[in-house]
$ cat structure39.cif   # mmCIF, C-alpha atoms and all ligand atoms
data_protein
#
loop_
_atom_site.label_atom_id
_atom_site.label_comp_id
_atom_site.auth_asym_id
_atom_site.auth_seq_id
_atom_site.Cartn_x
_atom_site.Cartn_y
_atom_site.Cartn_z
CA MET A 102 5.18 -1.55 -43.46
CA LEU A 103 4.37 0.63 -40.46
CA ASP A 104 7.58 0.39 -38.43
CA PHE A 105 9.73 3.41 -39.35
CA THR A 106 12.92 1.68 -38.22
CA LEU A 107 12.36 -1.20 -40.66
CA MET A 108 11.16 0.85 -43.66
CA PRO A 109 13.32 0.70 -46.80
CA LYS A 110 14.93 4.10 -47.47
CA PRO A 111 12.79 5.06 -50.51
CA GLN A 112 9.60 4.31 -48.57
CA LEU A 113 10.83 6.36 -45.62
CA GLU A 114 11.72 9.26 -47.92
CA GLU A 115 8.24 9.14 -49.40
CA LYS A 116 6.77 9.03 -45.89
CA LYS A 117 8.84 12.06 -44.90
CA ARG A 118 7.53 14.03 -47.89
CA GLU A 119 3.95 13.17 -46.90
CA LEU A 120 4.62 14.27 -43.33
CA GLU A 121 6.17 17.55 -44.53
CA ASP A 122 3.03 18.21 -46.59
CA ALA A 123 0.84 17.46 -43.57
CA TYR A 124 3.00 19.75 -41.44
CA ARG A 125 2.64 22.61 -43.94
CA VAL A 126 -1.15 22.27 -43.75
CA PHE A 127 -0.93 22.74 -39.98
CA GLU A 128 1.34 25.76 -40.42
CA GLY A 129 -1.32 27.31 -42.64
CA LYS A 130 -3.89 26.99 -39.85
CA HIS A 131 -2.03 29.48 -37.61
CA LEU A 132 -2.88 27.54 -34.48
CA LYS A 133 -2.33 29.06 -31.05
CA LEU A 134 -2.70 26.14 -28.64
CA ASN A 135 -1.00 25.13 -25.41
CA MET A 136 -0.43 21.65 -23.97
CA ALA A 137 2.29 22.74 -21.53
CA ARG A 138 0.16 23.88 -18.62
CA GLY A 139 -0.37 21.29 -15.90
CA LYS A 140 -3.25 23.18 -14.39
CA PRO A 141 -7.01 22.77 -14.10
CA GLY A 142 -9.20 24.18 -16.85
CA VAL A 143 -11.78 26.88 -16.17
CA GLU A 144 -14.61 24.33 -15.90
CA GLN A 145 -12.70 22.62 -13.10
CA LEU A 146 -12.13 25.89 -11.27
CA ALA A 147 -15.86 26.57 -11.45
CA LEU A 148 -16.45 23.39 -9.39
CA SER A 149 -15.13 25.24 -6.34
CA GLY A 150 -16.81 28.58 -7.01
CA GLN A 151 -19.34 27.92 -4.27
CA MET A 152 -16.52 27.69 -1.73
CA LEU A 153 -16.10 31.45 -2.00
CA ASN A 154 -19.59 31.88 -0.56
CA GLU A 155 -18.95 29.61 2.43
CA LEU A 156 -17.87 32.53 4.61
CA ASN A 157 -19.47 35.93 4.91
CA SER A 158 -19.70 38.61 7.55
CA SER A 159 -22.37 36.72 9.47
CA SER A 160 -20.47 33.38 9.60
CA SER A 161 -19.40 32.09 13.02
CA PHE A 162 -15.68 31.81 12.10
CA LEU A 163 -15.18 29.33 14.94
CA ALA A 164 -13.08 26.20 14.53
CA SER A 165 -14.17 23.00 16.28
CA THR A 166 -11.80 23.98 19.11
CA GLY A 167 -13.72 27.21 19.66
CA ASP A 168 -10.82 29.26 18.24
CA ASP A 169 -11.80 32.27 16.19
CA CYS A 170 -10.32 31.67 12.73
CA ARG A 171 -10.09 35.40 12.11
CA ASN A 172 -7.42 35.67 14.76
CA TYR A 173 -3.94 34.28 15.50
CA GLY A 174 -3.73 30.79 16.96
CA LEU A 175 -3.73 27.10 16.00
CA PRO A 176 -0.29 27.18 14.34
CA ASP A 177 -0.65 23.53 13.21
CA GLY A 178 -3.99 24.31 11.57
CA LEU A 179 -7.63 23.44 12.24
CA PRO A 180 -8.00 19.93 13.71
CA GLU A 181 -10.62 19.07 11.07
CA MET A 182 -8.24 20.15 8.27
CA ARG A 183 -5.38 18.17 9.83
CA ARG A 184 -7.67 15.13 10.00
CA LEU A 185 -8.65 15.48 6.35
CA PHE A 186 -5.03 15.78 5.19
CA ALA A 187 -4.06 12.82 7.41
CA GLN A 188 -6.63 10.69 5.59
CA MET A 189 -5.51 11.94 2.20
CA MET A 190 -1.82 11.38 2.94
CA ASP A 191 -2.39 8.14 4.90
CA VAL A 192 -0.54 9.42 7.96
CA ASP A 193 -1.36 10.12 11.61
CA ALA A 194 -3.40 13.33 12.15
CA GLY A 195 -1.37 14.31 15.21
CA HIS A 196 1.68 14.62 12.98
CA VAL A 197 0.19 16.94 10.35
CA ILE A 198 0.97 20.66 10.05
CA VAL A 199 -1.33 22.64 7.79
CA GLY A 200 0.46 25.37 5.89
CA GLY A 201 -0.35 28.14 3.45
CA ASN A 202 -1.45 28.06 -0.15
CA SER A 203 1.30 25.87 -1.62
CA SER A 204 2.88 22.54 -0.78
CA LEU A 205 5.89 23.42 -2.95
CA ASN A 206 6.40 26.33 -0.58
CA MET A 207 6.46 23.88 2.36
CA MET A 208 8.97 21.69 0.52
CA PHE A 209 11.15 24.73 -0.15
CA ASP A 210 10.94 25.73 3.53
CA THR A 211 11.83 22.20 4.60
CA VAL A 212 14.94 22.12 2.41
CA SER A 213 15.76 25.62 3.65
CA CYS A 214 15.42 24.40 7.27
CA GLY A 215 17.81 21.54 6.47
CA MET A 216 20.28 24.01 4.98
CA THR A 217 20.32 26.45 7.87
CA HIS A 218 19.54 24.30 10.92
CA GLY A 219 19.85 20.66 9.91
CA PHE A 220 17.86 17.61 10.92
CA ALA A 221 18.32 15.05 13.70
CA GLY A 222 20.93 17.19 15.42
CA CYS A 223 23.28 16.88 12.44
CA GLU A 224 25.39 19.73 11.09
CA PRO A 225 23.13 21.92 8.85
CA TRP A 226 23.27 20.76 5.24
CA GLY A 227 24.57 24.21 4.32
CA ARG A 228 27.73 23.59 6.33
CA GLN A 229 28.39 20.18 4.81
CA GLU A 230 30.25 19.64 1.54
CA HIS A 231 29.35 18.07 -1.82
CA LEU A 232 25.62 17.89 -1.14
CA LYS A 233 23.70 15.58 -3.44
CA PHE A 234 19.98 14.99 -3.95
CA LEU A 235 18.38 12.09 -5.84
CA CYS A 236 15.98 13.04 -8.63
CA PRO A 237 13.88 10.21 -10.08
CA SER A 238 13.49 11.14 -13.74
CA PRO A 239 11.47 11.92 -15.68
CA GLY A 240 10.14 13.92 -12.75
CA TYR A 241 8.82 17.29 -11.60
CA ASP A 242 11.07 20.13 -12.71
CA ARG A 243 10.20 22.37 -9.77
CA HIS A 244 11.33 19.74 -7.26
CA PHE A 245 14.68 19.55 -8.96
CA ALA A 246 14.91 23.33 -9.17
CA VAL A 247 14.49 23.74 -5.39
CA THR A 248 17.49 21.56 -4.60
CA GLN A 249 19.51 23.06 -7.46
CA TYR A 250 18.79 26.52 -6.03
CA PHE A 251 20.20 25.46 -2.65
CA GLY A 252 23.38 24.14 -4.27
CA PHE A 253 22.83 20.38 -4.30
CA ASP A 254 24.28 18.28 -7.10
CA LEU A 255 21.28 16.65 -8.74
CA ILE A 256 21.63 12.92 -9.34
CA THR A 257 19.33 11.33 -11.90
CA VAL A 258 17.69 8.06 -10.85
CA PRO A 259 15.79 6.31 -13.66
CA MET A 260 12.06 5.80 -13.18
CA THR A 261 10.62 2.36 -13.86
CA SER A 262 6.97 1.35 -14.12
CA ASN A 263 7.16 0.50 -10.38
CA GLY A 264 8.71 3.78 -9.24
CA PRO A 265 12.32 4.90 -8.97
CA ASP A 266 14.88 2.17 -9.71
CA MET A 267 15.40 1.00 -6.14
CA ASP A 268 18.61 -0.93 -6.85
CA ILE A 269 20.14 2.40 -7.82
CA VAL A 270 18.57 4.31 -4.91
CA GLU A 271 19.88 1.72 -2.44
CA LYS A 272 23.37 2.10 -3.89
CA TYR A 273 23.38 5.91 -3.89
CA VAL A 274 22.22 6.24 -0.28
CA GLN A 275 25.40 4.50 0.84
CA ASP A 276 27.09 7.83 0.04
CA PRO A 277 26.81 10.08 3.14
CA SER A 278 26.70 13.21 0.99
CA VAL A 279 23.36 12.07 -0.52
CA LYS A 280 20.82 13.94 1.61
CA GLY A 281 17.48 13.15 0.10
CA ILE A 282 15.23 12.05 -2.72
CA TRP A 283 12.20 13.62 -4.40
CA CYS A 284 9.21 11.29 -4.80
CA VAL A 285 5.72 11.69 -6.24
CA PRO A 286 4.43 8.27 -5.20
CA LYS A 287 0.96 8.31 -6.75
CA TYR A 288 0.28 9.19 -10.39
CA GLN A 289 3.81 10.53 -10.61
CA ASN A 290 4.47 13.74 -12.53
CA PRO A 291 4.90 13.15 -15.47
CA MET A 292 4.71 9.34 -15.87
CA GLY A 293 1.41 8.85 -14.06
CA ILE A 294 2.63 5.63 -12.44
CA THR A 295 2.07 4.69 -8.80
CA PHE A 296 4.92 3.23 -6.76
CA SER A 297 4.48 -0.52 -6.23
CA ASP A 298 4.09 -2.02 -2.74
CA GLU A 299 7.60 -3.43 -3.03
CA THR A 300 9.01 0.01 -3.90
CA VAL A 301 7.28 1.56 -0.87
CA ARG A 302 8.62 -1.22 1.37
CA ARG A 303 12.13 -0.75 0.00
CA PHE A 304 11.89 2.97 0.73
CA ALA A 305 10.83 2.21 4.31
CA ARG A 306 13.77 -0.19 4.70
CA LEU A 307 16.42 2.12 3.22
CA LYS A 308 19.56 2.34 5.32
CA PRO A 309 21.16 5.61 4.23
CA ALA A 310 24.69 6.39 5.36
CA ALA A 311 23.59 9.96 6.23
CA LYS A 312 21.53 10.22 9.42
CA ASP A 313 20.02 13.39 7.92
CA PHE A 314 18.95 11.74 4.63
CA ARG A 315 15.28 12.56 4.00
CA ILE A 316 12.63 11.26 1.59
CA PHE A 317 10.40 14.07 0.27
CA TRP A 318 7.14 12.13 -0.32
CA ASP A 319 5.03 14.58 -2.31
CA ASN A 320 1.60 13.03 -2.62
CA ALA A 321 0.30 15.84 -4.84
CA TYR A 322 -2.03 13.49 -6.75
CA CYS A 323 -3.23 11.29 -3.86
CA VAL A 324 -6.96 11.62 -4.67
CA HIS A 325 -6.70 12.40 -8.38
CA ASP A 326 -8.13 9.20 -9.86
CA LEU A 327 -9.38 8.98 -13.43
CA THR A 328 -10.84 5.47 -13.50
CA ASP A 329 -13.12 3.11 -11.53
CA THR A 330 -10.09 0.99 -10.68
CA PRO A 331 -7.74 3.54 -9.11
CA ASP A 332 -4.16 2.71 -8.19
CA GLN A 333 -3.62 1.90 -4.51
CA LEU A 334 -0.54 3.28 -2.81
CA LEU A 335 0.80 1.40 0.18
CA SER A 336 1.15 3.63 3.25
CA LEU A 337 4.80 4.62 3.67
CA TRP A 338 3.92 5.93 7.13
CA ASN A 339 2.84 2.43 8.26
CA GLU A 340 5.76 0.70 6.55
CA CYS A 341 8.21 3.09 8.21
CA GLU A 342 6.59 2.41 11.59
CA LYS A 343 7.21 -1.29 11.06
CA ALA A 344 10.79 -0.65 9.94
CA GLY A 345 11.51 1.94 12.64
CA SER A 346 12.47 4.48 9.98
CA GLN A 347 9.79 7.16 10.59
CA GLU A 348 12.33 9.96 10.86
CA MET A 349 13.48 9.42 7.28
CA VAL A 350 10.37 10.92 5.63
CA PHE A 351 8.61 14.25 5.05
CA TYR A 352 5.10 13.94 3.58
CA PHE A 353 3.37 16.69 1.57
CA ALA A 354 0.03 17.32 -0.15
CA SER A 355 -2.31 20.17 -1.03
CA THR A 356 -5.75 20.97 -2.32
CA SER A 357 -4.29 22.88 -5.29
CA LYS A 358 -5.91 20.53 -7.79
CA ILE A 359 -8.98 19.85 -5.66
CA THR A 360 -10.09 23.47 -5.24
CA PHE A 361 -7.88 26.35 -6.45
CA PRO A 362 -4.17 26.20 -7.37
CA GLY A 363 -2.54 29.15 -5.67
CA ALA A 364 -5.50 29.60 -3.33
CA GLY A 365 -5.81 26.13 -1.85
CA VAL A 366 -4.44 24.70 1.39
CA SER A 367 -1.23 22.71 1.82
CA ALA A 368 0.00 20.37 4.52
CA MET A 369 2.96 18.30 5.55
CA ALA A 370 3.49 15.48 8.02
CA ALA A 371 6.53 14.03 9.71
CA ALA A 372 7.54 11.96 12.72
CA ASP A 373 8.28 13.58 16.10
CA GLY A 374 11.92 14.62 15.64
CA ASN A 375 11.45 16.16 12.21
CA LEU A 376 8.22 17.78 13.30
CA SER A 377 9.92 19.50 16.18
CA ASP A 378 12.65 20.81 13.81
CA ILE A 379 10.00 22.08 11.41
CA ARG A 380 7.77 23.58 14.09
CA LYS A 381 10.75 25.56 15.38
CA HIS A 382 11.37 26.86 11.87
CA TYR A 383 7.72 27.87 11.41
CA PHE A 384 7.61 29.46 14.88
CA TYR A 385 10.01 32.13 13.68
CA GLN A 386 8.56 32.31 10.20
CA THR A 387 4.89 32.98 10.97
CA ILE A 388 2.43 33.50 13.80
CA GLY A 389 0.04 31.17 12.04
CA PRO A 390 -1.47 30.06 8.74
CA ASP A 391 -4.54 31.43 6.96
CA LYS A 392 -7.23 29.68 8.97
CA LEU A 393 -10.09 31.40 7.18
CA ASN A 394 -9.07 29.59 4.01
CA GLN A 395 -8.92 26.34 5.97
CA LEU A 396 -12.38 27.01 7.41
CA ARG A 397 -13.73 27.79 3.95
CA HIS A 398 -12.24 24.54 2.63
CA ILE A 399 -13.60 22.43 5.47
CA SER A 400 -17.00 23.98 5.23
CA PHE A 401 -17.04 23.28 1.46
CA LEU A 402 -15.34 19.85 1.26
CA LYS A 403 -16.31 18.64 4.75
CA ASP A 404 -14.38 15.36 4.86
CA LEU A 405 -12.72 12.70 2.73
CA LYS A 406 -16.08 11.68 1.33
CA GLY A 407 -16.60 15.27 0.22
CA VAL A 408 -13.15 15.38 -1.36
CA LYS A 409 -13.89 12.19 -3.27
CA ALA A 410 -17.20 13.61 -4.50
CA GLN A 411 -15.39 16.74 -5.68
CA MET A 412 -12.71 14.63 -7.40
CA ALA A 413 -15.40 12.62 -9.19
CA LYS A 414 -16.58 15.90 -10.73
CA HIS A 415 -13.04 16.76 -11.79
CA ARG A 416 -12.76 13.32 -13.32
CA GLU A 417 -15.91 13.84 -15.39
CA ILE A 418 -14.28 16.90 -16.92
CA ILE A 419 -10.73 15.68 -17.45
CA ALA A 420 -11.08 11.95 -18.19
CA PRO A 421 -12.40 12.72 -21.73
CA LYS A 422 -9.35 14.96 -22.27
CA PHE A 423 -6.97 12.16 -21.33
CA ARG A 424 -8.95 9.81 -23.58
CA ALA A 425 -8.67 12.28 -26.49
CA VAL A 426 -4.88 12.50 -26.15
CA LEU A 427 -4.44 8.75 -25.77
CA SER A 428 -6.72 7.91 -28.64
CA LYS A 429 -4.71 10.20 -30.98
CA LEU A 430 -1.44 8.62 -29.82
CA ASP A 431 -2.88 5.12 -30.29
CA SER A 432 -4.41 5.76 -33.69
CA GLU A 433 -1.57 7.83 -35.18
CA LEU A 434 1.56 6.31 -33.69
CA SER A 435 0.89 2.69 -32.69
CA GLY A 436 3.08 0.09 -34.38
CA LYS A 437 5.37 2.72 -35.96
CA ASN A 438 8.20 2.41 -33.45
CA VAL A 439 8.54 6.19 -33.17
CA GLY A 440 7.65 6.50 -29.51
CA LYS A 441 5.89 5.08 -26.50
CA TRP A 442 3.56 6.66 -23.98
CA THR A 443 2.04 6.10 -20.56
CA LYS A 444 -1.66 5.42 -19.93
CA PRO A 445 -2.12 6.82 -16.45
CA LYS A 446 -5.07 6.01 -14.22
CA GLY A 447 -4.85 9.42 -12.58
CA GLY A 448 -2.84 12.57 -12.06
CA TYR A 449 -2.27 15.37 -14.53
CA PHE A 450 0.10 14.16 -17.22
CA ILE A 451 0.84 11.76 -20.05
CA SER A 452 4.50 11.08 -20.64
CA VAL A 453 5.66 10.40 -24.20
CA ASP A 454 9.09 9.05 -25.05
CA VAL A 455 9.77 9.87 -28.68
CA MET A 456 12.66 8.37 -30.66
CA PRO A 457 15.90 9.21 -28.78
CA GLY A 458 17.43 12.42 -30.07
CA CYS A 459 14.08 13.76 -31.31
CA ALA A 460 12.33 15.44 -28.35
CA LYS A 461 13.79 18.92 -28.89
CA ARG A 462 13.01 18.72 -32.60
CA VAL A 463 9.39 17.67 -31.90
CA VAL A 464 8.86 20.50 -29.39
CA SER A 465 10.39 22.98 -31.82
CA LEU A 466 8.32 21.76 -34.79
CA CYS A 467 5.12 21.94 -32.72
CA GLY A 468 6.06 25.40 -31.44
CA LYS A 469 6.67 26.75 -34.95
CA ALA A 470 3.24 25.50 -36.02
CA GLY A 471 1.54 27.12 -33.01
CA VAL A 472 1.35 24.38 -30.37
CA LYS A 473 3.28 25.03 -27.19
CA LEU A 474 4.58 21.99 -25.29
CA THR A 475 6.57 21.67 -22.06
CA GLY A 476 10.21 22.24 -23.02
CA ALA A 477 12.12 19.08 -23.97
CA GLY A 478 14.42 18.16 -21.10
CA ALA A 479 12.28 19.89 -18.46
CA THR A 480 11.55 16.58 -16.76
CA TYR A 481 15.25 15.93 -16.05
CA PRO A 482 17.73 17.56 -13.64
CA TYR A 483 19.26 20.75 -15.05
CA GLY A 484 16.68 20.60 -17.88
CA VAL A 485 18.82 18.11 -19.79
CA ASP A 486 17.35 14.80 -20.91
CA PRO A 487 20.37 12.67 -21.79
CA GLN A 488 18.29 10.75 -24.34
CA ASP A 489 16.48 13.85 -25.65
CA SER A 490 13.38 11.67 -25.69
CA ASN A 491 10.84 12.61 -23.01
CA ILE A 492 7.95 15.01 -23.60
CA ARG A 493 5.35 15.79 -20.94
CA ILE A 494 1.82 16.32 -22.19
CA ALA A 495 -0.63 18.18 -19.98
CA PRO A 496 -4.19 17.46 -21.17
CA THR A 497 -6.21 19.21 -18.44
CA TYR A 498 -6.28 22.86 -19.50
CA PRO A 499 -7.29 23.02 -23.18
CA PRO A 500 -10.79 22.05 -24.33
CA VAL A 501 -11.12 18.67 -26.11
CA ASN A 502 -11.42 20.17 -29.62
CA GLU A 503 -8.12 22.05 -29.11
CA LEU A 504 -6.46 18.94 -27.73
CA ASN A 505 -7.52 17.00 -30.81
CA GLN A 506 -5.96 19.56 -33.14
CA ALA A 507 -2.82 19.91 -31.05
CA MET A 508 -2.37 16.14 -30.82
CA SER A 509 -2.84 15.66 -34.57
CA LEU A 510 0.01 18.10 -35.13
CA PHE A 511 2.07 16.50 -32.36
CA CYS A 512 1.75 13.06 -33.96
CA VAL A 513 2.85 14.44 -37.34
CA CYS A 514 5.88 16.08 -35.68
CA VAL A 515 6.85 12.92 -33.78
CA GLN A 516 6.88 10.97 -37.06
CA LEU A 517 8.59 13.71 -39.03
CA ALA A 518 11.40 14.04 -36.47
CA ALA A 519 11.84 10.25 -36.47
CA ALA A 520 11.98 10.10 -40.29
CA GLU A 521 14.51 12.94 -40.37
CA LYS A 522 16.67 11.18 -37.82
CA LEU A 523 16.56 7.79 -39.53
CA LEU A 524 17.35 9.28 -42.93
CA LYS A 525 20.37 11.12 -41.52
CA LYS A 526 21.97 7.84 -40.37
C1 LIG B 601 4.22 16.80 -8.05
C2 LIG B 601 3.77 18.18 -7.74
N1 LIG B 601 3.96 18.67 -6.51
C3 LIG B 601 3.57 19.92 -6.18
C4 LIG B 601 2.96 20.73 -7.10
C5 LIG B 601 2.55 22.12 -6.70
O1 LIG B 601 1.71 22.03 -5.59
P1 LIG B 601 1.25 23.31 -4.79
O2 LIG B 601 0.32 24.07 -5.65
O3 LIG B 601 0.60 22.74 -3.58
O4 LIG B 601 2.48 24.10 -4.45
C6 LIG B 601 2.73 20.25 -8.40
C7 LIG B 601 2.09 21.12 -9.41
O5 LIG B 601 2.01 20.82 -10.56
C8 LIG B 601 3.15 18.95 -8.72
O6 LIG B 601 2.96 18.44 -9.94
#

$ encode --input "structure39.cif" --output "structure tokens" --more "lines below"
Ligand SMILES: Cc1ncc(COP(=O)(O)O)c(C=O)c1O
Amino acid sequence: MLDFTLMPKPQLEEKKRELEDAYRVFEGKHLKLNMARGKPGVEQLALSGQMLNELNSSSSFLASTGDDCRNYGLPDGLPEMRRLFAQMMDVDAGHVIVGGNSSLNMMFDTVSCGMTHGFAGCEPWGRQEHLKFLCPSPGYDRHFAVTQYFGFDLITVPMTSNGPDMDIVEKYVQDPSVKGIWCVPKYQNPMGITFSDETVRRFARLKPAAKDFRIFWDNAYCVHDLTDTPDQLLSLWNECEKAGSQEMVFYFASTSKITFPGAGVSAMAAADGNLSDIRKHYFYQTIGPDKLNQLRHISFLKDLKGVKAQMAKHREIIAPKFRAVLSKLDSELSGKNVGKWTKPKGGYFISVDVMPGCAKRVVSLCGKAGVKLTGAGATYPYGVDPQDSNIRIAPTYPPVNELNQAMSLFCVCVQLAAAEKLLKK
């Protein structure tokens, strides 16, 4: 009998004792491992080392327009960088603004612009009451935190294997105080799923009650494939053009996980009305972005083909790490009815749903034995997972041997927490 939920009580008690013994062995190892960090490992960072040599004092520093990148100018960014981001985000290059080192920063600024100046000529969000923002969950904690910081009520929308539950989204947007939704449409953080064509079409056809409702389409993992059969995301830009709903969307992406997180290049895109609101905002905020970094990136990556070649190298490094995590989950937990997990074809995370009511216990058990995980609840608004079930695993940073050890402990803890819970019933 493998299934914990069907085990007779004496067998489950015996199983629990075995798991406690296994746990004590791990405690004795004094591990100090971390599976919480959704960031590239050092080997991945080394892939872009050469980029730092792309510019030196004898470089020309000229953009294709003839502008000197050492000086002010080109507030929307280098045309070649705008073109590259347009291809990555599947939008029109004329509607791209290249920003600084972080797309999250651009998202923050966009919400801030909505708060102080509003969109589409509407009253600024900050002067309206009972603001709400939709948060597909599990999702990215920092998205949720931005809108929490600005005072929005965060509304949880369940994620499905096709994207956010669109029946629920369509219902919520009938409320005029709902002002937006966070989306990571490809290899979503943390589930790793890609929104289906139907989900993208339903987003394009949304008819929100609020004229200033905006979709924040954060394509952070647009080129981050891990297999030969990558997911394909339908272009929301094209679907919105067909539906006449272009003004409903802000698009974002960055090179954070292509070159250097914190020292990459970010970009956003939007249709004419939104773009003019945002350009106004940036006009007062800055005289221009860091074009030397853009030049360095273009000179290193060149074009979409170059980006894909770089991503293939990332894949070589991180695909084995994803395989290591998944193979532990499969071999240790399959058939036991103690949890389920995603098998993403790209992105940075594996999402595990342990037995409801057990996530905090698993994270705490792992922590006490020396393995740090993302906090239970972090993937939900306000850091509270109503089921206490979801745990985000980040396989990219630790080396494979550390992942193997950490995952062995994790699997013991998932089973131990489940046995404890079942025996308490
Ligand atoms: C979905 C998502 N968006 C944005 C970011 C941060 O991007 P940036 O470094 O461009 O601010 C992350 C980082 O983990 C992320 O997972």

$ residues_near_ligand --input "structure39.cif" --ligand "ligand LIG 601 (chain B)" --cutoff "7 Å" --atoms "only C-alpha atoms and all ligand atoms" --output "list in words"
Gly139, Lys140, Asn202, Ser203, Ser204, Leu205, Asn206, Tyr241, Val285, Gln289, Asn290, Asp319, Ala321, Ala354, Ser355, Thr356, Ser357, Pro362, Gly363 and Ser367 of chain A

$ closest_residue --input "structure39.cif" --among "A:Ala305, A:Ala137, A:Val192, A:Val199" --to "Gln395 of chain A" --atoms "all atoms listed in the file"
A:Val199

$ residues_around --input "structure39.cif" --residues "Glu342 of chain A" --least-positions-apart "6" --cutoff "12 Å" --atoms "all atoms listed in the file" --output "list in words"
Val192, Asp193, Arg302, Ala305, Arg306, Ser336, Glu348, Met349, Val350, Ala371 and Ala372 of chain A

$ closest_residue --input "structure39.cif" --among "A:Thr443, A:Ser490, A:Asn438, A:Ser509" --to "Met108 of chain A" --atoms "all atoms listed in the file"
A:Asn438

$ residues_around --input "structure39.cif" --residues "Lys403 of chain A" --least-positions-apart "6" --cutoff "9 Å" --atoms "all atoms listed in the file" --output "PyMOL selection string"
chain A and resi 181-182+185

$ residues_around --input "structure39.cif" --residues "Arg184 of chain A" --least-positions-apart "2" --cutoff "9 Å" --atoms "all atoms listed in the file" --output "PyMOL selection string"
chain A and resi 179-182+186-189+193-195+197+404

$ closest_residue --input "structure39.cif" --among "A:Gly264, A:Pro457, A:Gly365, A:Pro291" --to "Arg303 of chain A" --atoms "all atoms listed in the file"
A:Gly264

$ closest_residue --input "structure39.cif" --among "A:Met190, A:Ser213, A:His196, A:Lys312" --to "Leu334 of chain A" --atoms "only C-alpha atoms"
A:Met190

$ atom_distance --input "structure39.cif" --atom1 "atom CA of Gly200 of chain A" --atom2 "atom CA of Asp378 of chain A"
15.2 Å

$ atom_distance --input "structure39.cif" --atom1 "atom CA of Leu235 of chain A" --atom2 "atom CA of Ser262 of chain A"
17.7 Å

$ closest_residue --input "structure39.cif" --among "A:Asp391, A:Leu523, A:Ile418, A:Phe220" --to "Pro500 of chain A" --atoms "all atoms listed in the file"
A:Ile418

$ atom_distance --input "structure39.cif" --atom1 "atom CA of Cys236 of chain A" --atom2 "atom CA of Pro482 of chain A"
7.0 Å

$ closest_residue --input "structure39.cif" --among "A:Gln506, A:Ser297, A:Gln488, A:Ser400" --to "Val426 of chain A" --atoms "only C-alpha atoms"
A:Gln506

$ residues_around --input "structure39.cif" --residues "Ile359 of chain A" --least-positions-apart "3" --cutoff "10 Å" --atoms "only C-alpha atoms" --output "number ranges by chain"
A: 141, 145-146, 148-149, 322, 324-325, 355-356, 362, 365-366, 402, 408-409, 411-412, 414-415

$ residues_around --input "structure39.cif" --residues "segment 245-256 of chain A" --least-positions-apart "5" --cutoff "10 Å" --atoms "all atoms listed in the file" --output "number ranges by chain"
A: 205-206, 208-210, 212-213, 216, 226-227, 230-238, 240, 273, 278-283, 479-484

$ axis_aligned_box --input "structure39.cif" --around "segment 420-427 of chain A" --padding-each-side "4 Å" --output "JSON"
{"center_x": -8.4, "center_y": 11.9, "center_z": -22.3, "size_x": 16.0, "size_y": 14.2, "size_z": 16.3}
